[in-house]
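Listing of protein.cif; format and content: mmCIF, C-alpha atoms.
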```
data_run
loop_
_atom_site.label_atom_id
_atom_site.label_comp_id
_atom_site.auth_asym_id
_atom_site.auth_seq_id
_atom_site.Cartn_x
_atom_site.Cartn_y
_atom_site.Cartn_z
CA MET R 1 14.42 -34.82 -55.90
CA SER R 2 15.69 -31.44 -54.68
CA ASP R 3 12.78 -29.82 -56.53
CA GLU R 4 10.44 -32.03 -54.56
CA VAL R 5 12.12 -31.05 -51.31
CA ALA R 6 11.91 -27.37 -52.23
CA ARG R 7 8.24 -27.73 -53.09
CA LEU R 8 7.49 -29.54 -49.85
CA ARG R 9 9.40 -26.94 -47.90
CA GLU R 10 7.39 -24.21 -49.58
CA GLU R 11 4.15 -26.00 -48.75
CA LEU R 12 5.26 -26.42 -45.17
CA ASP R 13 6.13 -22.72 -44.90
CA LEU R 14 2.75 -21.81 -46.33
CA ALA R 15 0.97 -24.15 -43.92
CA THR R 16 2.90 -22.66 -40.98
CA GLN R 17 2.00 -19.15 -42.08
CA LYS R 18 -1.65 -20.12 -42.34
CA LEU R 19 -1.51 -21.69 -38.89
CA ILE R 20 0.02 -18.57 -37.39
CA GLU R 21 -2.59 -16.42 -39.10
CA SER R 22 -5.50 -18.54 -37.93
CA HIS R 23 -4.12 -18.60 -34.40
CA LYS R 24 -3.91 -14.82 -34.51
CA MET R 25 -7.53 -14.59 -35.61
CA ALA R 26 -8.54 -16.97 -32.81
CA SER R 27 -6.70 -14.82 -30.25
CA LEU R 28 -8.33 -11.70 -31.65
CA GLY R 29 -11.71 -13.42 -31.45
CA ARG R 30 -11.22 -14.24 -27.80
CA LEU R 31 -9.99 -10.73 -27.19
CA SER R 32 -13.06 -9.23 -28.84
CA ALA R 33 -15.31 -10.49 -26.03
CA SER R 34 -13.45 -8.36 -23.52
CA VAL R 35 -13.19 -5.48 -25.97
CA ILE R 36 -16.97 -5.54 -26.41
CA HIS R 37 -17.39 -5.41 -22.66
CA GLU R 38 -14.98 -2.50 -22.46
CA ILE R 39 -16.90 -0.55 -25.10
CA ARG R 40 -20.35 -1.36 -23.78
CA THR R 41 -19.98 0.84 -20.69
CA PRO R 42 -19.07 4.09 -22.48
CA ILE R 43 -21.69 3.39 -25.16
CA GLY R 44 -24.33 2.86 -22.47
CA SER R 45 -23.31 6.13 -20.93
CA ILE R 46 -23.37 8.05 -24.22
CA LEU R 47 -26.81 6.67 -25.16
CA SER R 48 -28.22 7.61 -21.77
CA ASN R 49 -26.59 11.05 -21.84
CA ASN R 50 -27.98 11.78 -25.26
CA ASP R 51 -31.47 10.92 -24.06
CA VAL R 52 -31.05 13.05 -20.94
CA ILE R 53 -29.65 15.99 -22.94
CA LEU R 54 -32.71 15.88 -25.25
CA ARG R 55 -35.03 15.72 -22.25
CA SER R 56 -33.10 18.58 -20.63
CA LEU R 57 -33.36 20.74 -23.75
CA ASP R 58 -37.13 20.19 -23.81
CA LYS R 59 -37.36 21.19 -20.19
CA LEU R 60 -35.14 24.22 -20.75
CA LYS R 61 -37.24 25.32 -23.70
CA GLN R 62 -40.33 25.10 -21.52
CA LEU R 63 -38.71 27.01 -18.67
CA LEU R 64 -37.52 29.77 -21.01
CA ALA R 65 -40.94 30.02 -22.66
CA ASP R 66 -42.60 30.31 -19.24
CA ALA R 67 -40.13 33.01 -18.18
CA ARG R 68 -40.75 34.99 -21.35
CA LYS R 69 -44.51 34.72 -20.92
CA GLN R 70 -44.19 36.17 -17.43
CA GLY R 71 -41.69 38.79 -18.54
CA ALA R 72 -39.28 37.51 -15.89
CA PRO R 73 -35.64 36.41 -16.20
CA PRO R 74 -35.01 32.64 -16.53
CA THR R 75 -35.31 30.83 -13.21
CA GLU R 76 -32.59 29.17 -11.15
CA GLN R 77 -33.94 25.83 -12.37
CA SER R 78 -32.96 26.69 -15.97
CA LEU R 79 -29.37 27.12 -14.83
CA ASP R 80 -29.50 23.73 -13.07
CA VAL R 81 -30.68 22.11 -16.29
CA LEU R 82 -27.83 23.80 -18.18
CA ASP R 83 -25.39 22.41 -15.61
CA ILE R 84 -26.76 18.92 -16.22
CA ILE R 85 -26.25 19.32 -19.98
CA ALA R 86 -22.70 20.63 -19.56
CA GLY R 87 -21.80 17.81 -17.16
CA LEU R 88 -23.08 15.15 -19.54
CA ALA R 89 -21.30 16.63 -22.55
CA ALA R 90 -18.05 16.37 -20.57
CA VAL R 91 -18.78 12.71 -19.73
CA ASP R 92 -19.52 12.02 -23.41
CA LYS R 93 -16.11 13.34 -24.36
CA ILE R 94 -14.39 10.97 -21.93
CA ALA R 95 -16.57 8.08 -23.11
CA CYS R 96 -15.75 8.73 -26.79
CA GLU R 97 -12.03 8.92 -25.98
CA ARG R 98 -12.27 5.55 -24.22
CA ILE R 99 -13.92 3.93 -27.24
CA SER R 100 -11.43 5.50 -29.69
CA SER R 101 -8.50 4.32 -27.63
CA VAL R 102 -9.72 0.69 -27.60
CA ILE R 103 -10.38 0.81 -31.34
CA ARG R 104 -6.99 2.37 -32.06
CA SER R 105 -5.24 -0.45 -30.19
CA LEU R 106 -7.28 -3.08 -31.97
CA LYS R 107 -6.51 -1.52 -35.33
CA THR R 108 -2.79 -1.32 -34.60
CA PHE R 109 -2.87 -4.93 -33.53
CA ALA R 110 -4.74 -6.21 -36.58
CA ARG R 111 -3.08 -4.02 -39.19
CA VAL R 112 0.63 -4.58 -38.79
CA ASN R 113 1.98 -6.22 -41.90
CA GLU R 114 3.51 -9.49 -40.91
CA GLY R 115 5.45 -9.97 -44.10
CA GLU R 116 7.76 -7.04 -43.64
CA LEU R 117 10.69 -6.46 -41.38
CA ALA R 118 10.47 -3.14 -39.58
CA ARG R 119 12.29 -1.29 -36.84
CA VAL R 120 10.00 -0.77 -33.90
CA ASN R 121 10.02 0.17 -30.29
CA ILE R 122 9.18 -3.00 -28.37
CA ASN R 123 7.84 -0.94 -25.46
CA ASP R 124 5.18 0.50 -27.80
CA LEU R 125 4.10 -2.97 -28.93
CA LEU R 126 3.81 -4.09 -25.31
CA THR R 127 1.89 -0.97 -24.28
CA ASN R 128 -0.59 -1.55 -27.08
CA THR R 129 -1.10 -5.21 -26.22
CA LEU R 130 -1.52 -4.37 -22.54
CA LYS R 131 -4.16 -1.80 -23.44
CA LEU R 132 -6.17 -4.48 -25.23
CA THR R 133 -5.84 -7.12 -22.55
CA ALA R 134 -6.49 -4.58 -19.78
CA ALA R 135 -10.14 -4.68 -20.79
CA SER R 136 -10.47 -8.24 -19.52
CA PHE R 137 -8.07 -7.88 -16.58
CA ARG R 138 -8.92 -4.47 -15.20
CA ARG R 139 -11.25 -5.67 -12.53
CA ARG R 140 -9.13 -8.43 -11.08
CA ILE R 141 -5.55 -8.08 -12.26
CA GLU R 142 -3.15 -5.22 -11.80
CA THR R 143 -0.65 -4.75 -14.60
CA VAL R 144 2.69 -3.20 -13.78
CA THR R 145 5.19 -2.07 -16.41
CA ASP R 146 8.87 -1.60 -15.83
CA PHE R 147 10.25 -0.48 -19.21
CA SER R 148 13.83 0.52 -19.93
CA GLU R 149 14.88 2.58 -22.87
CA LEU R 150 15.38 0.16 -25.75
CA PRO R 151 17.04 0.42 -29.13
CA GLU R 152 14.61 -0.04 -32.03
CA VAL R 153 14.41 -3.72 -32.80
CA GLU R 154 14.35 -5.07 -36.31
CA CYS R 155 11.51 -7.56 -36.37
CA TYR R 156 8.15 -8.64 -37.74
CA PRO R 157 5.96 -6.47 -35.47
CA GLY R 158 2.70 -8.29 -36.27
CA LEU R 159 4.22 -11.58 -35.19
CA LEU R 160 5.72 -10.11 -32.04
CA ASN R 161 2.33 -8.63 -31.16
CA GLN R 162 1.05 -12.16 -31.21
CA VAL R 163 3.88 -13.36 -28.97
CA PHE R 164 3.17 -10.65 -26.41
CA LEU R 165 -0.58 -11.21 -26.57
CA ASN R 166 -0.10 -14.94 -25.97
CA LEU R 167 2.20 -14.39 -23.02
CA ILE R 168 0.02 -11.74 -21.40
CA VAL R 169 -3.24 -13.65 -21.93
CA ASN R 170 -1.62 -16.80 -20.52
CA ALA R 171 -0.38 -14.82 -17.51
CA GLY R 172 -3.92 -13.57 -16.92
CA GLN R 173 -5.36 -17.07 -17.20
CA ALA R 174 -2.81 -18.37 -14.69
CA ILE R 175 -4.15 -15.99 -12.06
CA GLU R 176 -7.28 -17.49 -10.56
CA ASN R 177 -8.63 -14.56 -8.59
CA GLU R 178 -6.66 -11.42 -8.08
CA GLY R 179 -3.01 -10.85 -8.85
CA THR R 180 -0.40 -8.88 -10.70
CA ILE R 181 1.21 -9.12 -14.11
CA THR R 182 4.57 -7.38 -14.40
CA VAL R 183 6.02 -6.67 -17.83
CA LYS R 184 9.67 -5.65 -17.91
CA THR R 185 12.01 -4.71 -20.73
CA ARG R 186 15.78 -4.36 -20.65
CA ALA R 187 18.44 -3.64 -23.25
CA GLU R 188 21.23 -6.22 -23.08
CA GLY R 189 23.95 -5.31 -25.59
CA GLU R 190 22.87 -6.62 -28.98
CA ARG R 191 19.67 -8.04 -27.58
CA VAL R 192 16.57 -6.90 -25.78
CA HIS R 193 15.07 -8.87 -22.93
CA ILE R 194 11.32 -8.88 -22.27
CA SER R 195 9.76 -10.63 -19.31
CA VAL R 196 6.13 -11.24 -18.43
CA ALA R 197 5.65 -12.31 -14.82
CA ASP R 198 2.41 -13.40 -13.18
CA THR R 199 1.51 -14.16 -9.57
CA GLY R 200 -0.59 -17.12 -10.68
CA ARG R 201 -0.69 -20.80 -9.94
CA GLY R 202 2.69 -21.72 -11.53
CA ILE R 203 3.41 -24.58 -13.91
CA PRO R 204 3.42 -28.06 -12.35
CA PRO R 205 6.72 -29.96 -12.86
CA GLU R 206 5.09 -32.76 -14.87
CA VAL R 207 3.96 -30.44 -17.67
CA ARG R 208 6.99 -28.14 -17.87
CA GLU R 209 8.73 -30.15 -20.57
CA ARG R 210 5.73 -30.27 -22.84
CA ILE R 211 4.67 -26.68 -22.49
CA PHE R 212 6.09 -25.53 -25.85
CA ALA R 213 4.83 -28.59 -27.74
CA ALA R 214 2.12 -28.05 -30.37
CA GLY R 215 -1.27 -29.36 -29.33
CA PHE R 216 -0.48 -29.40 -25.62
CA THR R 217 -2.90 -27.54 -23.40
CA THR R 218 -4.10 -27.65 -19.81
CA LYS R 219 -6.94 -25.26 -20.51
CA PRO R 220 -10.58 -26.26 -20.82
CA MET R 221 -12.12 -26.64 -24.30
CA GLY R 222 -12.69 -23.28 -25.94
CA GLU R 223 -10.11 -21.44 -23.87
CA GLY R 224 -6.93 -22.56 -25.52
CA THR R 225 -5.91 -24.06 -28.83
CA GLY R 226 -2.79 -25.70 -27.43
CA LEU R 227 -0.88 -23.83 -30.13
CA GLY R 228 -0.18 -20.56 -28.35
CA LEU R 229 3.20 -21.36 -26.86
CA SER R 230 4.39 -23.52 -29.74
CA ILE R 231 3.64 -20.65 -32.14
CA THR R 232 5.18 -18.21 -29.69
CA ARG R 233 8.40 -20.22 -29.63
CA GLU R 234 8.39 -20.57 -33.40
CA ILE R 235 8.05 -16.80 -33.84
CA VAL R 236 10.69 -15.94 -31.24
CA GLU R 237 13.27 -18.57 -32.10
CA ASP R 238 12.82 -19.63 -35.72
CA THR R 239 11.60 -16.38 -37.20
CA HIS R 240 13.60 -13.90 -35.13
CA GLY R 241 16.54 -15.93 -33.88
CA GLY R 242 15.74 -15.09 -30.29
CA CYS R 243 15.09 -17.36 -27.36
CA ILE R 244 12.29 -17.98 -24.92
CA TRP R 245 12.30 -19.67 -21.51
CA PHE R 246 10.49 -19.52 -18.19
CA ASP R 247 10.97 -19.68 -14.41
CA THR R 248 8.09 -21.03 -12.43
CA GLU R 249 7.13 -21.97 -8.93
CA VAL R 250 3.88 -23.75 -8.15
CA GLY R 251 1.64 -21.48 -6.12
CA ARG R 252 3.89 -18.43 -6.61
CA GLY R 253 3.75 -17.70 -10.33
CA THR R 254 5.57 -17.88 -13.63
CA THR R 255 7.86 -15.55 -15.54
CA PHE R 256 8.32 -15.96 -19.27
CA HIS R 257 11.48 -14.44 -20.72
CA VAL R 258 11.98 -13.51 -24.35
CA GLN R 259 15.31 -12.36 -25.73
CA LEU R 260 15.44 -10.88 -29.21
CA PRO R 261 18.39 -9.74 -31.29
CA VAL R 262 18.27 -6.04 -32.14
CA GLU R 263 19.42 -6.72 -35.71
CA GLN R 264 18.08 -9.41 -38.01
CA LYS R 265 20.44 -8.96 -40.97
CA GLY R 266 23.72 -10.70 -40.61
CA ARG R 267 22.78 -12.42 -37.38
CA SER R 268 24.84 -15.55 -37.16
CA ASP R 269 23.19 -18.92 -37.11
CA ALA R 270 25.37 -19.75 -34.14
CA TRP R 271 23.13 -17.44 -32.10
CA ARG R 272 20.20 -19.71 -32.90
CA THR R 273 21.90 -22.74 -31.47
CA THR R 274 23.27 -21.20 -28.30
CA ASP R 275 22.14 -22.94 -25.17
CA ARG R 276 18.78 -21.79 -24.11
CA PRO R 277 18.70 -21.16 -20.40
CA MET R 278 15.85 -23.34 -19.11
CA MET T 279 -37.70 6.04 2.62
CA ALA T 280 -36.37 8.88 4.71
CA ASP T 281 -38.44 10.86 7.20
CA ASN T 282 -39.25 13.61 4.70
CA GLY T 283 -40.70 11.07 2.28
CA GLN T 284 -37.86 11.33 -0.22
CA ALA T 285 -36.90 8.01 -1.80
CA HIS T 286 -33.26 6.91 -1.60
CA VAL T 287 -31.58 5.25 -4.58
CA MET T 288 -28.15 3.67 -4.34
CA LEU T 289 -26.05 3.40 -7.55
CA VAL T 290 -22.91 1.27 -7.54
CA ASP T 291 -20.57 0.97 -10.52
CA ASP T 292 -16.79 1.09 -10.67
CA GLU T 293 -17.22 3.30 -13.74
CA ASP T 294 -17.84 6.82 -12.58
CA MET T 295 -19.39 7.74 -15.94
CA VAL T 296 -22.28 5.32 -15.44
CA ILE T 297 -23.10 6.86 -12.07
CA THR T 298 -22.85 10.39 -13.50
CA SER T 299 -25.19 9.51 -16.38
CA ILE T 300 -27.87 7.86 -14.25
CA ARG T 301 -27.59 10.47 -11.52
CA ALA T 302 -28.15 13.26 -14.08
CA PHE T 303 -31.17 11.44 -15.46
CA LEU T 304 -32.75 10.90 -12.04
CA GLN T 305 -31.95 14.48 -11.05
CA LEU T 306 -33.83 15.72 -14.11
CA GLU T 307 -36.83 13.43 -13.85
CA THR T 308 -37.30 12.73 -10.14
CA ASP T 309 -36.69 14.12 -6.69
CA TYR T 310 -34.93 11.00 -5.41
CA ALA T 311 -31.84 11.27 -3.26
CA VAL T 312 -29.12 9.46 -5.24
CA HIS T 313 -26.16 7.86 -3.46
CA GLY T 314 -23.45 6.89 -5.94
CA PHE T 315 -20.48 4.63 -5.10
CA THR T 316 -17.61 3.47 -7.27
CA SER T 317 -16.45 1.12 -4.51
CA PRO T 318 -18.76 -1.78 -3.60
CA GLU T 319 -17.16 -2.04 -0.14
CA GLU T 320 -18.03 1.57 0.62
CA ALA T 321 -21.54 0.96 -0.68
CA ALA T 322 -21.89 -2.01 1.69
CA GLY T 323 -20.69 0.20 4.55
CA HIS T 324 -23.32 2.80 3.69
CA LEU T 325 -26.03 0.12 3.64
CA ARG T 326 -25.23 -0.93 7.21
CA THR T 327 -26.49 2.31 8.66
CA ASN T 328 -28.45 4.22 6.02
CA PRO T 329 -31.81 3.01 4.76
CA VAL T 330 -32.23 2.97 0.98
CA ASP T 331 -35.20 1.92 -1.13
CA VAL T 332 -33.37 0.38 -4.05
CA VAL T 333 -29.82 -0.71 -4.84
CA VAL T 334 -28.79 -0.66 -8.52
CA THR T 335 -25.39 -2.24 -9.01
CA ASP T 336 -22.97 -3.31 -11.73
CA TYR T 337 -21.84 -6.94 -11.70
CA LEU T 338 -18.10 -6.97 -12.50
CA MET T 339 -16.24 -4.77 -10.04
CA PRO T 340 -12.87 -5.11 -8.30
CA ARG T 341 -12.71 -6.91 -4.95
CA MET T 342 -16.47 -7.42 -4.58
CA ASN T 343 -18.89 -8.27 -7.38
CA GLY T 344 -22.48 -7.09 -7.69
CA ILE T 345 -23.98 -10.32 -6.38
CA GLN T 346 -21.77 -10.24 -3.28
CA LEU T 347 -22.81 -6.64 -2.68
CA LEU T 348 -26.49 -7.50 -3.13
CA SER T 349 -26.24 -10.35 -0.67
CA LYS T 350 -24.86 -7.84 1.88
CA ALA T 351 -27.76 -5.54 0.99
CA ARG T 352 -30.17 -8.40 1.60
CA GLU T 353 -28.56 -9.06 4.97
CA TYR T 354 -28.59 -5.40 6.13
CA GLN T 355 -31.83 -4.22 4.54
CA PRO T 356 -33.96 -7.14 3.34
CA GLU T 357 -36.77 -4.90 2.09
CA ALA T 358 -34.58 -2.74 -0.18
CA ALA T 359 -35.11 -3.87 -3.79
CA ARG T 360 -32.04 -5.30 -5.54
CA VAL T 361 -31.33 -4.53 -9.19
CA LEU T 362 -28.35 -5.73 -11.25
CA LEU T 363 -27.31 -3.51 -14.17
CA THR T 364 -24.58 -5.31 -16.03
CA GLY T 365 -22.49 -5.12 -19.18
CA HIS T 366 -21.49 -8.72 -18.57
CA ALA T 367 -24.38 -10.41 -20.31
CA ASP T 368 -23.98 -13.92 -19.07
CA LYS T 369 -26.84 -16.22 -18.25
CA GLN T 370 -24.99 -17.84 -15.39
CA SER T 371 -24.59 -14.62 -13.42
CA ALA T 372 -28.25 -13.77 -14.04
CA ILE T 373 -29.42 -17.14 -12.72
CA GLN T 374 -27.08 -16.93 -9.74
CA ALA T 375 -28.30 -13.42 -8.96
CA ILE T 376 -31.95 -14.40 -9.11
CA ASN T 377 -31.47 -17.50 -6.99
CA ASP T 378 -28.92 -16.30 -4.46
CA VAL T 379 -29.95 -12.75 -3.70
CA GLY T 380 -33.65 -12.60 -4.61
CA LEU T 381 -33.09 -10.15 -7.43
CA TYR T 382 -35.88 -7.71 -8.26
CA GLN T 383 -34.70 -6.95 -11.81
CA TYR T 384 -31.81 -7.84 -14.12
CA LEU T 385 -30.93 -5.09 -16.61
CA GLU T 386 -28.28 -5.04 -19.29
CA LYS T 387 -26.01 -2.26 -20.49
CA PRO T 388 -26.59 -0.26 -22.60
CA TRP T 389 -29.74 0.54 -20.67
CA ASP T 390 -32.85 2.43 -21.69
CA ASN T 391 -33.59 5.38 -19.39
CA SER T 392 -37.37 5.05 -19.54
CA GLN T 393 -37.16 1.36 -18.67
CA LEU T 394 -34.65 2.04 -15.91
CA LEU T 395 -36.93 4.69 -14.45
CA LEU T 396 -39.92 2.32 -14.50
CA VAL T 397 -37.88 -0.35 -12.74
CA ILE T 398 -36.61 2.08 -10.10
CA GLN T 399 -40.08 3.56 -9.53
CA SER T 400 -41.74 0.18 -9.11
CA ALA T 401 -38.85 -1.04 -6.95
CA ILE T 402 -39.30 1.94 -4.61
CA GLU T 403 -43.04 1.34 -4.48
CA ARG T 404 -42.46 -2.31 -3.63
CA THR T 405 -39.94 -1.47 -0.91
CA GLN T 406 -42.28 1.06 0.64
CA LEU T 407 -45.16 -1.43 0.56
CA LEU T 408 -42.97 -4.10 2.14
CA ARG T 409 -41.91 -1.69 4.88
CA LYS T 410 -45.53 -0.70 5.49
CA LEU T 411 -46.47 -4.36 5.58
CA ARG T 412 -43.74 -5.08 8.08
CA SER T 413 -44.84 -2.26 10.34
CA LYS T 414 -48.47 -3.45 10.09
CA VAL T 415 -47.40 -6.98 10.95
CA GLU T 416 -45.48 -5.61 13.92
CA GLU T 417 -48.56 -3.63 14.97
CA LEU T 418 -50.67 -6.75 14.61
CA ASP T 419 -48.16 -8.75 16.62
CA ALA T 420 -48.22 -6.14 19.34
CA ALA T 421 -52.03 -6.06 19.29
CA HIS T 422 -52.11 -9.83 19.40
CA THR T 423 -49.78 -9.94 22.39
CA ASN T 424 -51.89 -7.28 24.03
CA LEU T 425 -55.06 -9.24 23.33
CA LYS T 426 -53.58 -12.43 24.74
CA ASP T 427 -52.60 -10.50 27.82
CA VAL T 428 -56.15 -9.17 28.20
CA GLN T 429 -57.55 -12.63 27.53
CA GLY T 430 -55.29 -14.07 30.23
CA ARG T 431 -56.36 -11.46 32.69
CA LEU T 432 -60.02 -12.04 31.85
CA LEU T 433 -59.64 -15.75 32.33
CA ARG T 434 -57.89 -15.25 35.62
CA ALA T 435 -60.71 -12.88 36.70
CA PHE T 436 -63.40 -15.46 35.98
CA LEU T 437 -61.70 -18.60 37.26
#
```
Would you write the structure of this file as structure tokens?
Amino acid sequence: MSDEVARLREELDLATQKLIESHKMASLGRLSASVIHEIRTPIGSILSNNDVILRSLDKLKQLLADARKQGAPPTEQSLDVLDIIAGLAAVDKIACERISSVIRSLKTFARVNEGELARVNINDLLTNTLKLTAASFRRRIETVTDFSELPEVECYPGLLNQVFLNLIVNAGQAIENEGTITVKTRAEGERVHISVADTGRGIPPEVRERIFAAGFTTKPMGEGTGLGLSITREIVEDTHGGCIWFDTEVGRGTTFHVQLPVEQKGRSDAWRTTDRPM
Amino acid sequence: MADNGQAHVMLVDDEDMVITSIRAFLQLETDYAVHGFTSPEEAAGHLRTNPVDVVVTDYLMPRMNGIQLLSKAREYQPEAARVLLTGHADKQSAIQAINDVGLYQYLEKPWDNSQLLLVIQSAIERTQLLRKLRSKVEELDAAHTNLKDVQGRLLRAFL
């Protein structure tokens, strides 16, 4: 009988892991649309610049050949063409840096090994996630960070990335037109406190109780799986022994709070059952 | 079209690098006067008082999107050709742009310089033709009014 229970528990754990993984892939998929948009601009610029540099070199060659034929020094126009080339090479450098930075963030996000506990700086995880989401928010949402110095937190960084991505994407979706997302971190003794506040529409009272339930969503088809917050709570509370709650006011916005213990080893189970401020 | 015959091209994109790239290209290949704006509001302000032949704008920008800017352009300078150059390839915005603001061309990023140049050249030509047409129509109107006046006087002389 106990073997059966153990086997079922193992199966359940495996199924949960798979669910978390597929939710992560779905979030990454949604994110890729905005990442593509973010990369398309610098690529457009580089392609155009390359074409213009080739045209400029042709023109320069012609101008220099003409000057030589006439035994005269190169004209003022040749210098103008050189200025164009130099200006575009500088733009290309900025454009390449933009693309590399987006790709670096995406790689960091996708690569982190979820199976291993590691000590990380939570502010770095948040910065990275904000960089990725900024691509879709930049034009309508301002993101503000208010980070305190934090101790390194022992955690599963890949899973926490997913938590932060969920909270930040949700915050962005709650803002209909323009608004602000404020991400704060604070050290609180043996815990760290992270909050993600939006100036969006707020959560209506009738759905507040169900918001962490699996399968519950208020988003249109294709925008949400209804698993984001249930997985988020699972990762914060069950996996890390932290807690998650929110304050909300309809029409004013919502703030999600996450508290995480700094140490995983030897954390008491009592911590897991402490009252969650709701 | 300014008095000296130079064509005026307006470029609007919140990404400075796009403006720099297209400006460099037009500087190399044409003698157009290029007016670049990273703020659509400032571009709209410029359109109020300065004639341009073509407006090439991005779609997704903060505070005012490309379609909103083009509808201002249509209000202030109906003859100026309106071109959307967007990295946001979405059919809905294309349809809206064509229907709402009488778009001349819809281009996607990354763009092809030769194609962009063709679009800008033909847009300028179209604008200049429209302006010529308008001035001819005004001349005709004036002539017509004049003629009616003469006709009235003639009638009065004979009756």
Which residues would end up in the selection if the PyMOL selection byres ((chain R and resi 44) around 10) were applied here, given that I need the answer as a CSV table (one decimal) with C-alpha atoms, in the frame of the given file?
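Now in selection17.csv:
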```
chain,number,residue,atom,x,y,z
R,39,ILE,CA,-16.9,-0.6,-25.1
R,40,ARG,CA,-20.4,-1.4,-23.8
R,41,THR,CA,-20.0,0.8,-20.7
R,42,PRO,CA,-19.1,4.1,-22.5
R,43,ILE,CA,-21.7,3.4,-25.2
R,45,SER,CA,-23.3,6.1,-20.9
R,46,ILE,CA,-23.4,8.0,-24.2
R,47,LEU,CA,-26.8,6.7,-25.2
R,48,SER,CA,-28.2,7.6,-21.8
R,49,ASN,CA,-26.6,11.0,-21.8
R,95,ALA,CA,-16.6,8.1,-23.1
T,295,MET,CA,-19.4,7.7,-15.9
T,296,VAL,CA,-22.3,5.3,-15.4
T,299,SER,CA,-25.2,9.5,-16.4
T,365,GLY,CA,-22.5,-5.1,-19.2
T,386,GLU,CA,-28.3,-5.0,-19.3
T,387,LYS,CA,-26.0,-2.3,-20.5
T,388,PRO,CA,-26.6,-0.3,-22.6
T,389,TRP,CA,-29.7,0.5,-20.7
T,390,ASP,CA,-32.8,2.4,-21.7
```
**OP:** Any chance you could resolve the PyMOL selection byres ((chain T) within 10 of (chain R)) against this file and give the residues as a VMD selection string?
**Re:** chain T and resid 292 to 307 338 to 343 364 to 367 386 to 392
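In this structure, atom CA of Asp66 of chain R sits 27.1 Å away from atom CA of Ala311 of chain T.
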Subject >> 6 Å contact set for segment 379-383 of chain T, all atoms listed in the file, chain neighbours under 3 positions out, as a count of residues only >> reply: 6
**OP:** List every protein, DNA or RNA residue with an atom no more than 12 Å from (14.5, -10.3, -23.9) in the file's coordinates, counting only C-alpha atoms, and format the result as a VMD selection string.
**Re:** chain R and resid 122 to 123 147 to 148 150 153 160 164 183 to 196 236 to 237 240 to 246 255 to 262
Hits of the PyMOL selection byres ((chain T and resi 345) around 9) in this structure, as an mmCIF file with C-alpha atoms, in the frame of the given file:
```cif
data_model
loop_
_atom_site.group_PDB
_atom_site.id
_atom_site.type_symbol
_atom_site.label_atom_id
_atom_site.label_comp_id
_atom_site.auth_asym_id
_atom_site.auth_seq_id
_atom_site.Cartn_x
_atom_site.Cartn_y
_atom_site.Cartn_z
ATOM 1 C CA THR T 335 -25.390 -2.240 -9.010
ATOM 2 C CA ASP T 336 -22.970 -3.310 -11.730
ATOM 3 C CA TYR T 337 -21.840 -6.940 -11.700
ATOM 4 C CA MET T 342 -16.470 -7.420 -4.580
ATOM 5 C CA ASN T 343 -18.890 -8.270 -7.380
ATOM 6 C CA GLY T 344 -22.480 -7.090 -7.690
ATOM 7 C CA GLN T 346 -21.770 -10.240 -3.280
ATOM 8 C CA LEU T 347 -22.810 -6.640 -2.680
ATOM 9 C CA LEU T 348 -26.490 -7.500 -3.130
ATOM 10 C CA SER T 349 -26.240 -10.350 -0.670
ATOM 11 C CA LYS T 350 -24.860 -7.840 1.880
ATOM 12 C CA LEU T 362 -28.350 -5.730 -11.250
ATOM 13 C CA SER T 371 -24.590 -14.620 -13.420
ATOM 14 C CA GLN T 374 -27.080 -16.930 -9.740
ATOM 15 C CA ALA T 375 -28.300 -13.420 -8.960
ATOM 16 C CA ASP T 378 -28.920 -16.300 -4.460
ATOM 17 C CA VAL T 379 -29.950 -12.750 -3.700
#
```
